[in-house]
Each structure stands twice: as structure tokens, then as C-alpha cells.
file structure.csv (CSV, C-alpha atoms)
chain,number,residue,atom,x,y,z
L,29,MET,CA,-243.1,131.4,-218.5
L,30,LYS,CA,-241.1,134.2,-217.0
L,31,LYS,CA,-239.5,133.7,-213.6
L,32,LYS,CA,-240.7,136.0,-210.9
L,33,ILE,CA,-238.4,138.4,-209.0
L,34,VAL,CA,-239.3,140.5,-206.0
L,35,ILE,CA,-237.2,143.4,-204.7
L,36,ALA,CA,-238.4,144.2,-201.2
L,37,SER,CA,-237.7,147.1,-198.8
L,38,VAL,CA,-239.3,148.5,-195.7
L,39,LEU,CA,-238.6,152.2,-195.7
L,40,LYS,CA,-237.4,152.9,-199.2
L,41,PRO,CA,-240.0,154.0,-201.7
L,42,ILE,CA,-241.1,151.9,-204.6
L,43,ASP,CA,-239.3,154.4,-206.9
L,44,ASP,CA,-236.0,154.2,-204.9
L,45,VAL,CA,-233.0,155.0,-207.0
L,46,ARG,CA,-231.2,151.7,-206.6
L,47,ALA,CA,-234.3,149.4,-206.5
L,48,TYR,CA,-236.3,151.0,-209.3
L,49,TRP,CA,-234.1,153.2,-211.5
L,50,LYS,CA,-231.2,150.8,-211.5
L,51,LEU,CA,-231.9,147.2,-210.5
L,52,SER,CA,-235.5,146.8,-211.7
L,53,GLN,CA,-235.1,148.7,-215.0
L,54,SER,CA,-232.0,146.7,-215.8
L,55,ILE,CA,-233.8,143.4,-215.0
L,56,ALA,CA,-236.9,144.4,-216.9
L,57,LYS,CA,-234.9,145.2,-220.1
L,58,THR,CA,-233.8,141.6,-220.4
L,59,ASN,CA,-237.5,140.6,-220.8
L,60,LYS,CA,-236.7,137.3,-219.0
L,61,TYR,CA,-238.4,138.1,-215.6
L,62,GLU,CA,-241.6,139.3,-214.0
L,63,VAL,CA,-240.3,142.2,-211.8
L,64,ASN,CA,-242.1,143.2,-208.6
L,65,ILE,CA,-241.1,146.0,-206.2
L,66,ILE,CA,-242.3,146.1,-202.7
L,67,GLY,CA,-241.6,149.3,-200.9
L,68,ASN,CA,-242.9,152.4,-199.2
L,69,THR,CA,-245.3,154.6,-201.0
L,70,SER,CA,-243.9,157.2,-203.4
L,71,LYS,CA,-244.4,161.0,-203.4
L,72,LYS,CA,-245.7,160.7,-207.0
L,73,ALA,CA,-247.6,158.1,-209.1
L,74,ILE,CA,-245.3,155.8,-211.0
L,75,ARG,CA,-245.9,153.3,-213.7
L,76,HIS,CA,-243.8,151.0,-215.8
L,77,GLU,CA,-245.1,148.5,-218.3
L,78,ASN,CA,-242.7,145.7,-217.3
L,79,ILE,CA,-242.6,146.4,-213.5
L,80,MET,CA,-245.3,145.8,-210.9
L,81,PHE,CA,-245.5,147.9,-207.7
L,82,HIS,CA,-246.7,146.8,-204.3
L,83,SER,CA,-246.6,149.8,-201.9
L,84,HIS,CA,-247.3,150.3,-198.2
L,85,ASP,CA,-247.5,153.6,-196.3
L,86,LEU,CA,-245.0,153.9,-193.5
L,87,PHE,CA,-243.4,156.8,-191.6
L,88,ARG,CA,-239.8,156.2,-190.5
L,89,THR,CA,-240.3,156.9,-186.8
L,90,ASN,CA,-243.5,154.8,-186.5
L,91,TRP,CA,-241.8,151.8,-184.9
L,92,ILE,CA,-244.9,149.8,-184.2
L,93,LYS,CA,-246.1,150.1,-187.8
L,94,ARG,CA,-242.5,149.4,-188.9
L,95,ILE,CA,-242.7,146.0,-187.2
L,96,ILE,CA,-246.2,145.3,-188.5
L,97,VAL,CA,-245.4,146.1,-192.0
L,98,ARG,CA,-242.8,143.4,-192.1
L,99,GLU,CA,-245.6,140.8,-191.8
L,100,GLU,CA,-247.5,142.6,-194.6
L,101,ILE,CA,-244.5,142.4,-196.8
L,102,LEU,CA,-244.1,138.7,-196.0
L,103,TRP,CA,-247.7,138.0,-197.1
L,104,LYS,CA,-247.1,139.9,-200.3
L,105,ILE,CA,-244.0,137.9,-201.0
L,106,LEU,CA,-245.8,134.6,-200.3
L,107,LYS,CA,-248.7,135.7,-202.6
L,108,ILE,CA,-246.3,136.5,-205.5
L,109,LYS,CA,-244.2,133.3,-204.9
L,110,PRO,CA,-241.0,134.7,-206.4
L,111,ASP,CA,-238.3,132.5,-207.8
L,112,ILE,CA,-235.7,135.0,-206.6
L,113,LEU,CA,-236.2,137.4,-203.7
L,114,ILE,CA,-234.0,140.4,-203.3
L,115,ILE,CA,-234.1,142.1,-199.9
L,116,THR,CA,-232.5,145.5,-199.4
L,117,THR,CA,-232.5,145.6,-195.6
L,118,PRO,CA,-231.7,143.3,-192.6
L,119,GLU,CA,-235.2,144.1,-191.3
L,120,LEU,CA,-236.5,141.6,-193.9
L,121,LEU,CA,-234.1,138.7,-193.1
L,122,ASN,CA,-236.7,136.9,-191.1
L,123,ALA,CA,-239.3,137.3,-193.8
L,124,ALA,CA,-236.8,136.1,-196.4
L,125,LEU,CA,-236.0,132.9,-194.5
L,126,ILE,CA,-239.7,132.1,-194.1
L,127,SER,CA,-240.2,132.7,-197.8
L,128,ARG,CA,-237.3,130.5,-198.6
L,129,MET,CA,-238.8,127.7,-196.5
L,130,LEU,CA,-242.3,128.0,-197.9
L,131,THR,CA,-241.7,128.8,-201.5
L,132,GLY,CA,-238.1,127.6,-202.2
L,133,CYS,CA,-237.1,131.0,-203.6
L,134,ARG,CA,-233.4,131.9,-203.9
L,135,ILE,CA,-232.4,134.9,-201.7
L,136,ILE,CA,-230.2,137.8,-202.7
L,137,TYR,CA,-229.2,140.2,-199.9
L,138,ASP,CA,-228.5,143.6,-201.4
L,139,VAL,CA,-226.2,145.1,-198.8
L,140,GLN,CA,-226.4,148.8,-199.0
L,141,GLU,CA,-224.9,149.6,-195.6
L,142,ASN,CA,-222.6,148.0,-193.1
L,143,TYR,CA,-225.2,148.3,-190.4
L,144,TYR,CA,-223.0,147.0,-187.6
L,145,ILE,CA,-220.3,149.7,-188.2
L,146,ASN,CA,-222.9,152.4,-188.6
L,147,ALA,CA,-224.5,151.5,-185.3
L,148,THR,CA,-221.3,151.1,-183.3
L,149,ARG,CA,-219.2,153.9,-184.7
L,150,ILE,CA,-221.6,156.8,-185.6
L,151,ASN,CA,-222.5,158.5,-182.3
L,152,PRO,CA,-222.6,155.1,-180.4
L,153,ASN,CA,-224.7,154.6,-177.3
L,154,PRO,CA,-225.7,151.4,-175.5
L,155,ALA,CA,-229.0,151.1,-177.5
L,156,LYS,CA,-227.3,151.6,-180.8
L,157,ILE,CA,-224.5,149.2,-180.0
L,158,LEU,CA,-227.0,146.5,-178.9
L,159,TYR,CA,-229.0,147.2,-182.2
L,160,GLY,CA,-225.8,146.7,-184.2
L,161,PHE,CA,-225.0,143.4,-182.5
L,162,ILE,CA,-228.5,142.1,-183.1
L,163,ILE,CA,-228.3,143.0,-186.8
L,164,ARG,CA,-225.0,141.3,-187.2
L,165,LEU,CA,-226.2,138.2,-185.4
L,166,LYS,CA,-229.2,138.0,-187.7
L,167,GLU,CA,-226.9,138.3,-190.7
L,168,LEU,CA,-224.7,135.5,-189.5
L,169,ILE,CA,-227.6,133.2,-188.8
L,170,ALA,CA,-229.1,133.9,-192.2
L,171,GLN,CA,-225.8,133.3,-194.1
L,172,PRO,CA,-226.3,129.6,-195.0
L,173,PHE,CA,-229.6,130.5,-196.6
L,174,ILE,CA,-228.4,133.5,-198.7
L,175,ALA,CA,-227.7,132.5,-202.3
L,176,GLU,CA,-225.7,135.7,-203.1
L,177,TYR,CA,-224.8,139.0,-201.7
L,178,TRP,CA,-224.8,142.1,-203.8
L,179,LEU,CA,-222.5,144.7,-202.2
L,180,ALA,CA,-223.1,148.4,-202.9
L,181,GLU,CA,-219.5,149.3,-201.8
L,182,ALA,CA,-216.3,147.5,-202.7
L,183,CYS,CA,-215.0,147.9,-199.1
L,184,TYR,CA,-217.8,145.7,-197.8
L,185,GLU,CA,-216.0,142.7,-199.4
L,186,ARG,CA,-213.3,143.2,-196.8
L,187,GLN,CA,-215.6,144.3,-193.9
L,188,LEU,CA,-218.3,141.5,-194.2
L,189,ASP,CA,-216.7,138.1,-193.5
L,190,PHE,CA,-220.1,136.4,-193.8
L,191,ALA,CA,-220.5,137.5,-197.4
L,192,GLN,CA,-217.1,136.3,-198.7
L,193,GLY,CA,-217.2,133.5,-201.2
L,194,LYS,CA,-220.7,134.3,-202.6
L,195,ASN,CA,-220.7,138.0,-203.3
L,196,ILE,CA,-220.5,140.4,-206.2
L,197,ILE,CA,-219.9,144.1,-206.0
L,198,ILE,CA,-222.6,146.2,-207.6
L,199,GLU,CA,-221.9,149.8,-206.8
L,200,ASN,CA,-224.3,152.7,-206.8
L,201,LYS,CA,-223.0,154.4,-210.0
L,202,ALA,CA,-224.7,157.0,-212.0
L,203,PHE,CA,-227.9,156.1,-213.8
L,204,THR,CA,-227.5,156.9,-217.5
L,205,HIS,CA,-229.8,159.7,-218.4
L,206,THR,CA,-229.7,162.6,-220.9
L,207,LEU,CA,-229.3,166.0,-219.2
L,208,LYS,CA,-229.0,169.3,-220.9
L,209,LYS,CA,-226.7,171.4,-218.9
L,210,SER,CA,-227.8,175.0,-218.6
L,211,LYS,CA,-225.4,177.8,-219.4
L,212,THR,CA,-225.2,180.8,-217.1
L,213,ASP,CA,-222.7,183.3,-215.9
L,214,GLN,CA,-223.7,183.0,-212.2
L,215,ILE,CA,-222.5,180.2,-210.0
L,216,ASN,CA,-225.3,177.7,-209.1
L,217,VAL,CA,-224.1,175.6,-206.2
L,218,LEU,CA,-225.6,172.1,-205.5
L,219,PHE,CA,-225.5,170.0,-202.3
L,220,SER,CA,-227.4,166.8,-203.0
L,221,GLY,CA,-227.9,163.4,-201.3
L,222,THR,CA,-228.5,162.6,-197.6
L,223,ILE,CA,-228.4,165.9,-195.7
L,224,SER,CA,-226.4,165.7,-192.5
L,225,ARG,CA,-223.7,167.5,-190.5
L,226,TYR,CA,-221.5,164.5,-191.0
L,227,GLY,CA,-222.0,165.1,-194.8
L,228,GLY,CA,-220.7,168.6,-194.6
L,229,VAL,CA,-223.8,170.6,-195.5
L,230,GLU,CA,-222.9,173.4,-193.0
L,231,LYS,CA,-219.4,173.8,-194.5
L,232,ALA,CA,-221.1,174.0,-197.9
L,233,ILE,CA,-223.2,176.9,-196.8
L,234,ASP,CA,-220.2,178.6,-195.3
L,235,PHE,CA,-218.5,178.3,-198.7
L,236,TYR,CA,-221.5,179.6,-200.5
L,237,LYS,CA,-221.6,182.7,-198.3
L,238,GLU,CA,-218.0,183.5,-199.4
L,239,ILE,CA,-219.0,183.0,-203.0
L,240,LEU,CA,-221.7,185.6,-202.6
L,241,LYS,CA,-219.1,188.2,-201.7
L,242,ILE,CA,-217.5,188.0,-205.1
L,243,ARG,CA,-220.5,186.6,-207.2
L,244,PRO,CA,-223.6,188.2,-205.6
L,245,HIS,CA,-226.0,186.8,-208.2
L,246,SER,CA,-225.1,183.2,-207.3
L,247,ALA,CA,-227.6,180.6,-206.0
L,248,MET,CA,-227.5,177.4,-203.9
L,249,ASN,CA,-229.8,174.4,-204.0
L,250,ILE,CA,-229.8,171.9,-201.1
L,251,ILE,CA,-231.8,168.8,-202.1
L,252,GLY,CA,-232.1,165.5,-200.3
L,253,GLN,CA,-233.5,163.4,-197.4
L,254,ILE,CA,-232.8,164.6,-193.9
L,255,HIS,CA,-233.3,162.9,-190.6
L,256,ASP,CA,-231.9,165.5,-188.2
L,257,LEU,CA,-234.8,167.7,-187.2
L,258,LYS,CA,-232.5,170.3,-185.5
L,259,LEU,CA,-230.4,170.5,-188.6
L,260,LYS,CA,-233.5,170.8,-190.7
L,261,ALA,CA,-234.7,173.8,-188.7
L,262,LYS,CA,-231.3,175.4,-188.9
L,263,LEU,CA,-231.2,175.1,-192.7
L,264,GLU,CA,-234.8,176.5,-192.9
L,265,SER,CA,-233.6,179.5,-190.8
L,266,GLU,CA,-230.6,180.0,-193.1
L,267,SER,CA,-232.8,179.9,-196.1
L,268,LYS,CA,-234.9,182.7,-194.7
L,269,ARG,CA,-231.8,184.8,-194.2
L,270,LEU,CA,-230.4,184.0,-197.7
L,271,PRO,CA,-233.1,184.3,-200.3
L,272,SER,CA,-230.9,182.7,-202.9
L,273,LEU,CA,-230.5,179.5,-200.8
L,274,TYR,CA,-233.2,177.1,-202.0
L,275,LEU,CA,-234.2,174.0,-200.0
L,276,ASN,CA,-235.8,170.8,-201.3
L,277,ILE,CA,-235.4,168.7,-198.2
L,278,SER,CA,-237.7,166.1,-196.6
L,279,LEU,CA,-237.8,163.4,-194.0
L,280,ASN,CA,-238.7,161.1,-196.9
L,281,PRO,CA,-236.6,160.3,-199.9
L,282,ILE,CA,-236.7,162.9,-202.7
L,283,PRO,CA,-237.8,161.6,-206.1
L,284,TYR,CA,-234.7,160.9,-208.3
L,285,ASN,CA,-236.0,162.9,-211.2
L,286,GLU,CA,-235.9,166.0,-209.0
L,287,ILE,CA,-232.3,165.3,-208.1
L,288,LEU,CA,-231.4,164.9,-211.8
L,289,ALA,CA,-233.1,168.2,-212.5
L,290,ALA,CA,-231.0,169.8,-209.7
L,291,ILE,CA,-227.8,168.4,-211.2
L,292,GLU,CA,-228.9,169.7,-214.6
L,293,ASN,CA,-229.3,173.3,-213.3
L,294,ALA,CA,-226.1,173.4,-211.3
L,295,ASN,CA,-222.6,174.3,-212.3
L,296,LEU,CA,-220.8,173.4,-209.1
L,297,GLY,CA,-221.4,170.6,-206.7
L,298,ILE,CA,-220.1,170.0,-203.2
L,299,ILE,CA,-219.0,166.7,-201.6
L,300,GLY,CA,-218.2,167.9,-198.1
L,301,TYR,CA,-217.4,164.6,-196.3
L,302,GLU,CA,-214.3,164.4,-194.1
L,303,PRO,CA,-212.8,160.9,-193.8
L,304,ASN,CA,-213.7,158.9,-190.7
L,305,ARG,CA,-213.8,155.2,-189.7
L,306,VAL,CA,-217.2,154.8,-191.2
L,307,ASN,CA,-217.0,156.5,-194.6
L,308,GLU,CA,-213.3,156.6,-195.5
L,309,GLU,CA,-213.5,153.6,-197.8
L,310,LYS,CA,-217.0,154.3,-199.2
L,311,ILE,CA,-217.7,156.2,-202.4
L,312,PRO,CA,-220.6,158.7,-202.4
L,313,THR,CA,-223.1,158.1,-205.2
L,314,LYS,CA,-223.1,161.8,-206.0
L,315,LEU,CA,-219.3,161.5,-206.9
L,316,TYR,CA,-220.2,159.2,-209.7
L,317,GLU,CA,-223.2,161.4,-210.7
L,318,TYR,CA,-221.3,164.6,-210.8
L,319,SER,CA,-218.5,163.1,-212.8
L,320,ARG,CA,-220.9,161.3,-215.2
L,321,TYR,CA,-222.9,164.5,-215.8
L,322,LYS,CA,-219.8,166.7,-216.0
L,323,LEU,CA,-220.6,168.8,-213.0
L,324,PRO,CA,-217.5,170.2,-211.4
L,325,TYR,CA,-217.4,169.6,-207.6
L,326,LEU,CA,-215.4,170.5,-204.5
L,327,VAL,CA,-214.0,167.6,-202.5
L,328,GLN,CA,-211.7,167.3,-199.6
L,329,ALA,CA,-208.0,167.2,-200.8
L,330,ASP,CA,-205.8,164.2,-200.1
L,331,THR,CA,-208.6,161.7,-199.9
L,332,HIS,CA,-209.4,158.7,-202.1
L,333,TRP,CA,-212.5,160.6,-203.2
L,334,SER,CA,-210.4,163.4,-204.7
L,335,GLN,CA,-208.2,160.8,-206.4
L,336,ILE,CA,-211.1,159.0,-207.9
L,337,GLY,CA,-212.8,162.2,-208.8
L,338,LYS,CA,-209.7,163.5,-210.6
L,339,ARG,CA,-209.5,160.3,-212.6
L,340,LEU,CA,-213.2,160.3,-213.5
L,341,GLY,CA,-213.3,164.0,-214.0
L,342,GLY,CA,-214.8,167.0,-212.2
L,343,ALA,CA,-213.1,167.0,-208.9
L,344,ILE,CA,-211.6,170.2,-207.5
L,345,PRO,CA,-209.6,169.2,-204.4
L,346,VAL,CA,-209.8,171.8,-201.6
L,347,ASP,CA,-209.2,172.3,-197.9
L,348,PHE,CA,-212.7,173.2,-196.7
L,349,ASP,CA,-211.2,175.1,-193.8
L,350,ASP,CA,-209.3,177.4,-196.2
L,351,ILE,CA,-210.9,177.7,-199.6
L,352,ASN,CA,-209.8,180.3,-202.1
L,353,VAL,CA,-213.1,181.3,-203.6
L,354,ASN,CA,-211.5,183.5,-206.2
L,355,GLU,CA,-209.5,180.5,-207.5
L,356,ILE,CA,-212.7,178.4,-207.6
L,357,SER,CA,-214.4,181.2,-209.6
L,358,GLU,CA,-211.5,181.2,-212.1
L,359,ILE,CA,-211.6,177.4,-212.5
L,360,LEU,CA,-215.3,177.5,-213.3
L,361,LYS,CA,-214.7,179.7,-216.3
L,362,ASN,CA,-213.3,176.7,-218.1
L,363,PRO,CA,-214.9,173.6,-216.5
L,364,SER,CA,-214.2,171.4,-219.5
L,365,ASN,CA,-210.5,171.3,-218.4
L,366,LEU,CA,-211.6,169.2,-215.4
L,367,PHE,CA,-212.9,166.4,-217.4
L,368,PRO,CA,-211.3,163.7,-219.6
L,369,LYS,CA,-212.4,163.7,-223.3
L,370,SER,CA,-213.4,160.0,-223.1
L,371,TYR,CA,-216.9,158.9,-221.8
L,372,PRO,CA,-216.5,158.0,-218.1
L,373,ILE,CA,-218.0,154.5,-218.3
L,374,GLU,CA,-216.4,153.7,-214.9
L,375,ALA,CA,-218.7,156.2,-213.3
L,376,THR,CA,-221.9,154.8,-214.8
L,377,TRP,CA,-224.5,152.2,-214.0
L,378,GLU,CA,-223.8,150.7,-217.5
L,379,SER,CA,-220.6,149.1,-215.9
L,380,GLU,CA,-222.7,147.5,-213.2
L,381,SER,CA,-226.0,146.4,-214.9
L,382,LEU,CA,-224.3,143.5,-216.7
L,383,LYS,CA,-223.3,142.0,-213.3
L,384,VAL,CA,-227.0,142.0,-212.3
L,385,SER,CA,-228.0,140.1,-215.4
L,386,THR,CA,-225.2,137.6,-215.0
L,387,SER,CA,-226.0,137.0,-211.4
L,388,LEU,CA,-229.7,136.4,-212.1
L,389,ASN,CA,-229.0,134.1,-215.0
L,390,ASN,CA,-226.7,132.0,-212.8
L,391,LEU,CA,-229.3,131.8,-210.0
L,392,SER,CA,-232.1,131.0,-212.4
L,393,ARG,CA,-230.5,127.8,-213.7
call {"tool": "encode", "arguments": {"input": "structure.csv", "output": "C-alpha cells"}}
result
Amino acid sequence: MKKKIVIASVLKPIDDVRAYWKLSQSIAKTNKYEVNIIGNTSKKAIRHENIMFHSHDLFRTNWIKRIIVREEILWKILKIKPDILIITTPELLNAALISRMLTGCRIIYDVQENYYINATRINPNPAKILYGFIIRLKELIAQPFIAEYWLAEACYERQLDFAQGKNIIIENKAFTHTLKKSKTDQINVLFSGTISRYGGVEKAIDFYKEILKIRPHSAMNIIGQIHDLKLKAKLESESKRLPSLYLNISLNPIPYNEILAAIENANLGIIGYEPNRVNEEKIPTKLYEYSRYKLPYLVQADTHWSQIGKRLGGAIPVDFDDINVNEISEILKNPSNLFPKSYPIEATWESESLKVSTSLNNLSR
């Protein structure tokens, strides 16, 4: 009889990139487990012969429903009675501990963010700081009951003392998928991922406006989830002024196949982060994706992102405050020069999926 695994989230959809495309599909391929995903409803219907989906309908800002839905998730977990429960958010730590007591399941905490640092260092205010301390307290209290921590960033191993000794690093590398890159003489710029000022989307648009001066038939696609309503309105206003600026942005996550299609149609990506205390050691998923799918991309010079990007292939280090658009245009005439000849296994999920199988095998004994 197959052992049961549940991957549970509150806000992320059932077809979340990490939970579904990466973790669940890797687990299902082993044919050793019954895989269940609990998560927010998806924008599109989704089916998989070896994965079962249990969705709820939740809007991010509905805090009352957000509290209630945790109890709904707990009841779903108790009904399934998993052997291994993987939670992807600290919001489910209480539900995980109750499930552990009532079913004896092993708990894996898939740490995708350092929530304490995010709350206390990104635009901190008293409410955020208190929230960060509460989350960290819950994580510390839960520590003895967590069987293993899966860390989405290597830097978390140094930052999270409570996870040391029983963690493995499973990074958000590029899901292996076949893309057919389109050939065109125009420059198709892509800004993907979470859309924020902090991520550099406004600098990306400024660069695109300069590109239009020398390559007027170019286009830009901005695709991803956005939480800042003022920024969303500003981008929509920019799109009206620039007919070749296309937006696919939403308060909810964008389906991953739409992001892959955007990568397929682009010939220049932009990673516009500037290093700060929160992100300086993290590696954006889109860096791996752009390198894996041979999409050249601009990245801030003299950062560890530019160093990693040059090694994996595709990175064009620049100073975003002083970009030579003519030079970028010339580089894009021979993009293959930016990539190594070898397959960039280090950028792909293939290098991480084996860790998932090994971990589950060990916990299933």
C-alpha cells in the first residue's frame, strides 16, 4: 500500500510552481506515494493521474477567511491521514502539530521565506515587527516536532538556527520543460516573477523606453503576481501610453505555463534587484529559468547574481543607472556567446529532485 503524502498551503494555488510542478510531480514519478495537494483554487482546471487536489477559495486580504481556512485545511489533513505532511507556510504550523499528535505523521517544513527577516527589514513598522516575532516564536516552539526542513535558499541554512542539524537545501531551480525559442529581429523584453518596486520593474520600463528609441518595433511583457495596488495602477497607466508594453499581472499567482510561454517568446529578460539585507544572499528563481532556457538577461553588475549568471550562462551585467542600450543591442545579435556549450544542470530542478526522493525514503522507513 502506498504511503500518503500531503503538501499543504493556505494562499498558494494547487498548481503552485514549487508544490505542484516541482515537488509533487517529482514525488509522483517514483510511484511510491499517494500525493495530495491542499491549496488555494487555481485559475484553470488541473488534473494529474497520480496527484489528488483539495482546493479552497481564498482571497489574500480576507483575513477572517484566512484564519477559518486553516481549520478547513486541518480537517482535510485529518481525513486523508498522511504518513508525511509537508507544510509550505508558518500559518499551518499549528495544524501540523495537531495532525502530528492525532495521526502520528512526520512533518516536513518547506521553508520558502525567512519570514522574520521579511517582516522586520522590509518597510518595518510595529505591527510587522510583532508579526515577525510571533512567527519566529511559533517556529521555535514547533522545532522539536519537525522531522526535516526543506530550505528553498542556501542562505537559510545560516540564517535559521532552529533548522540546523535536520535540514536539506532544495532550491527553486528551473523546471525542465521543452521550449521552442522564437526567432525575431525585434527585441522582446520580459520582466517576470513577483512584480514590485523592490524587484526593479520601474527600472526595467525605463530601460525599455530607451530601447524603443533605437529599436522602435520592440515589445515588453510584464507577467507575474503583484500585491502593490498603487504600483499596479501605475503599470496599467504606463501600458496605455506604451501600446507595445503588455501586462499579465494579477493579485493572484499567474499559472506557470503562462510564464513559460512568456520566456519562450522573449529574447531579453531583466532581473532588476539591487542588493539589500533581505535579498543579497538569495537567488531569484527566474535567474535559473533564464539561464536554463537560454534567455539572455540584464542583471546588476558586481553582485553574486551576476557571478552566478555568468557561470550558468545568459547574464549581461549592467549598471541600471547607466545602461548603454546600443551595446545591449549589439550583444543580442549573437546571444549564443553568452551561454556555455554544456547543458546547465546546475540551473535545473533535475539537480534538486533526487534530494526530495532521498528525504522521503529516509522519513518513510
call {"tool": "closest_residue", "arguments": {"input": "structure.csv", "among": "L:Val229, L:Ile344, L:Ile287, L:Ile311", "to": "L:Glu141", "atoms": "all atoms listed in the file"}}
result
L:Ile311
call {"tool": "atom_distance", "arguments": {"input": "structure.csv", "atom1": "atom CA of L:Glu292", "atom2": "atom CA of L:Ser272"}}
result
17.6 Å
call {"tool": "closest_residue", "arguments": {"input": "structure.csv", "among": "L:Phe173, L:Phe348, L:Tyr274, L:Tyr159", "to": "L:Leu121", "atoms": "only C-alpha atoms"}}
result
L:Phe173
call {"tool": "closest_residue", "arguments": {"input": "structure.csv", "among": "L:Asn78, L:Asn362, L:Ser392, L:Thr116", "to": "L:Ser54", "atoms": "all atoms listed in the file"}}
result
L:Asn78
call {"tool": "closest_residue", "arguments": {"input": "structure.csv", "among": "L:Ile114, L:Ile95, L:Ala232, L:Leu279", "to": "L:Ile33", "atoms": "only C-alpha atoms"}}
result
L:Ile114
call {"tool": "closest_atom_pairs", "arguments": {"input": "structure.csv", "of": "stretch 265-293 of chain L", "to": "stretch 314-329 of chain L", "cutoff": "10 Å", "atoms": "only C-alpha atoms", "output": "JSON lines"}}
result
{"residue": "L:Leu288", "atom": "CA", "partner": "L:Glu317", "partner_atom": "CA", "distance": 9.0}
{"residue": "L:Ile291", "atom": "CA", "partner": "L:Leu323", "partner_atom": "CA", "distance": 7.4}
{"residue": "L:Glu292", "atom": "CA", "partner": "L:Tyr321", "partner_atom": "CA", "distance": 8.0}
{"residue": "L:Asn293", "atom": "CA", "partner": "L:Leu323", "partner_atom": "CA", "distance": 9.8}
call {"tool": "closest_residue", "arguments": {"input": "structure.csv", "among": "L:Phe219, L:Phe87, L:Tyr48, L:Phe190", "to": "L:Asn280", "atoms": "all atoms listed in the file"}}
result
L:Phe87
call {"tool": "atom_distance", "arguments": {"input": "structure.csv", "atom1": "atom CA of L:Val306", "atom2": "atom CA of L:Thr148"}}
result
9.6 Å
call {"tool": "closest_residue", "arguments": {"input": "structure.csv", "among": "L:Ile242, L:Lys194, L:Gln53, L:Ala155", "to": "L:Glu358", "atoms": "only C-alpha atoms"}}
result
L:Ile242
call {"tool": "residues_around", "arguments": {"input": "structure.csv", "residues": "L:Leu39", "least_positions_apart": "5", "cutoff": "7 Å", "atoms": "all atoms listed in the file", "output": "ChimeraX atom specification"}}
result
/L:67-68,86,88
call {"tool": "residues_around", "arguments": {"input": "structure.csv", "residues": "L:Ile282", "least_positions_apart": "6", "cutoff": "8 Å", "atoms": "only C-alpha atoms", "output": "PDB file with C-alpha atoms, keeping the file's coordinate frame"}}
result
ATOM      1  CA  LYS L  71    -244.400 161.000-203.400  1.00  0.00           C
ATOM      2  CA  ILE L 251    -231.800 168.800-202.100  1.00  0.00           C
ATOM      3  CA  GLY L 252    -232.100 165.500-200.300  1.00  0.00           C
ATOM      4  CA  GLN L 253    -233.500 163.400-197.400  1.00  0.00           C
TER       5      GLN L 253
END
call {"tool": "residues_near_point", "arguments": {"input": "structure.csv", "point": "(-236.4, 129.8, -200.2)", "cutoff": "10 Å", "atoms": "all atoms listed in the file", "output": "VMD selection string"}}
result
chain L and resid 109 to 113 124 to 135 173 to 175
call {"tool": "atom_distance", "arguments": {"input": "structure.csv", "atom1": "atom CA of L:Ser224", "atom2": "atom CA of L:Ile254"}}
result
6.6 Å
call {"tool": "residues_around", "arguments": {"input": "structure.csv", "residues": "L:His332", "least_positions_apart": "4", "cutoff": "8 Å", "atoms": "all atoms listed in the file", "output": "PDB file with C-alpha atoms, keeping the file's coordinate frame"}}
result
ATOM      1  CA  GLU L 308    -213.300 156.600-195.500  1.00  0.00           C
ATOM      2  CA  GLU L 309    -213.500 153.600-197.800  1.00  0.00           C
ATOM      3  CA  ILE L 336    -211.100 159.000-207.900  1.00  0.00           C
TER       4      ILE L 336
END
call {"tool": "build_atoms", "arguments": {"input": "structure.csv", "residues": "stretch 255-266 of chain L", "atoms": "N, CA and C atoms", "output": "CSV table (one decimal), in the frame of the given file"}}
result
chain,number,residue,atom,x,y,z
L,255,HIS,N,-232.7,163.5,-191.7
L,255,HIS,CA,-233.3,162.9,-190.6
L,255,HIS,C,-233.1,163.7,-189.3
L,256,ASP,N,-232.2,164.6,-189.3
L,256,ASP,CA,-231.9,165.5,-188.2
L,256,ASP,C,-232.8,166.7,-188.1
L,257,LEU,N,-233.8,166.7,-187.2
L,257,LEU,CA,-234.8,167.7,-187.2
L,257,LEU,C,-234.2,169.1,-186.8
L,258,LYS,N,-233.2,169.0,-185.9
L,258,LYS,CA,-232.5,170.3,-185.5
L,258,LYS,C,-231.8,170.9,-186.7
L,259,LEU,N,-231.1,170.1,-187.4
L,259,LEU,CA,-230.4,170.5,-188.6
L,259,LEU,C,-231.4,171.1,-189.6
L,260,LYS,N,-232.5,170.4,-189.8
L,260,LYS,CA,-233.5,170.8,-190.7
L,260,LYS,C,-234.0,172.2,-190.4
L,261,ALA,N,-234.3,172.4,-189.1
L,261,ALA,CA,-234.7,173.8,-188.7
L,261,ALA,C,-233.7,174.8,-188.9
L,262,LYS,N,-232.4,174.5,-188.7
L,262,LYS,CA,-231.3,175.4,-188.9
L,262,LYS,C,-231.2,175.8,-190.4
L,263,LEU,N,-231.3,174.8,-191.3
L,263,LEU,CA,-231.2,175.1,-192.7
L,263,LEU,C,-232.4,175.9,-193.1
L,264,GLU,N,-233.6,175.7,-192.6
L,264,GLU,CA,-234.8,176.5,-192.9
L,264,GLU,C,-234.6,178.0,-192.5
L,265,SER,N,-233.9,178.1,-191.3
L,265,SER,CA,-233.6,179.5,-190.8
L,265,SER,C,-232.6,180.2,-191.7
L,266,GLU,N,-231.6,179.4,-192.2
L,266,GLU,CA,-230.6,180.0,-193.1
L,266,GLU,C,-231.2,180.4,-194.4
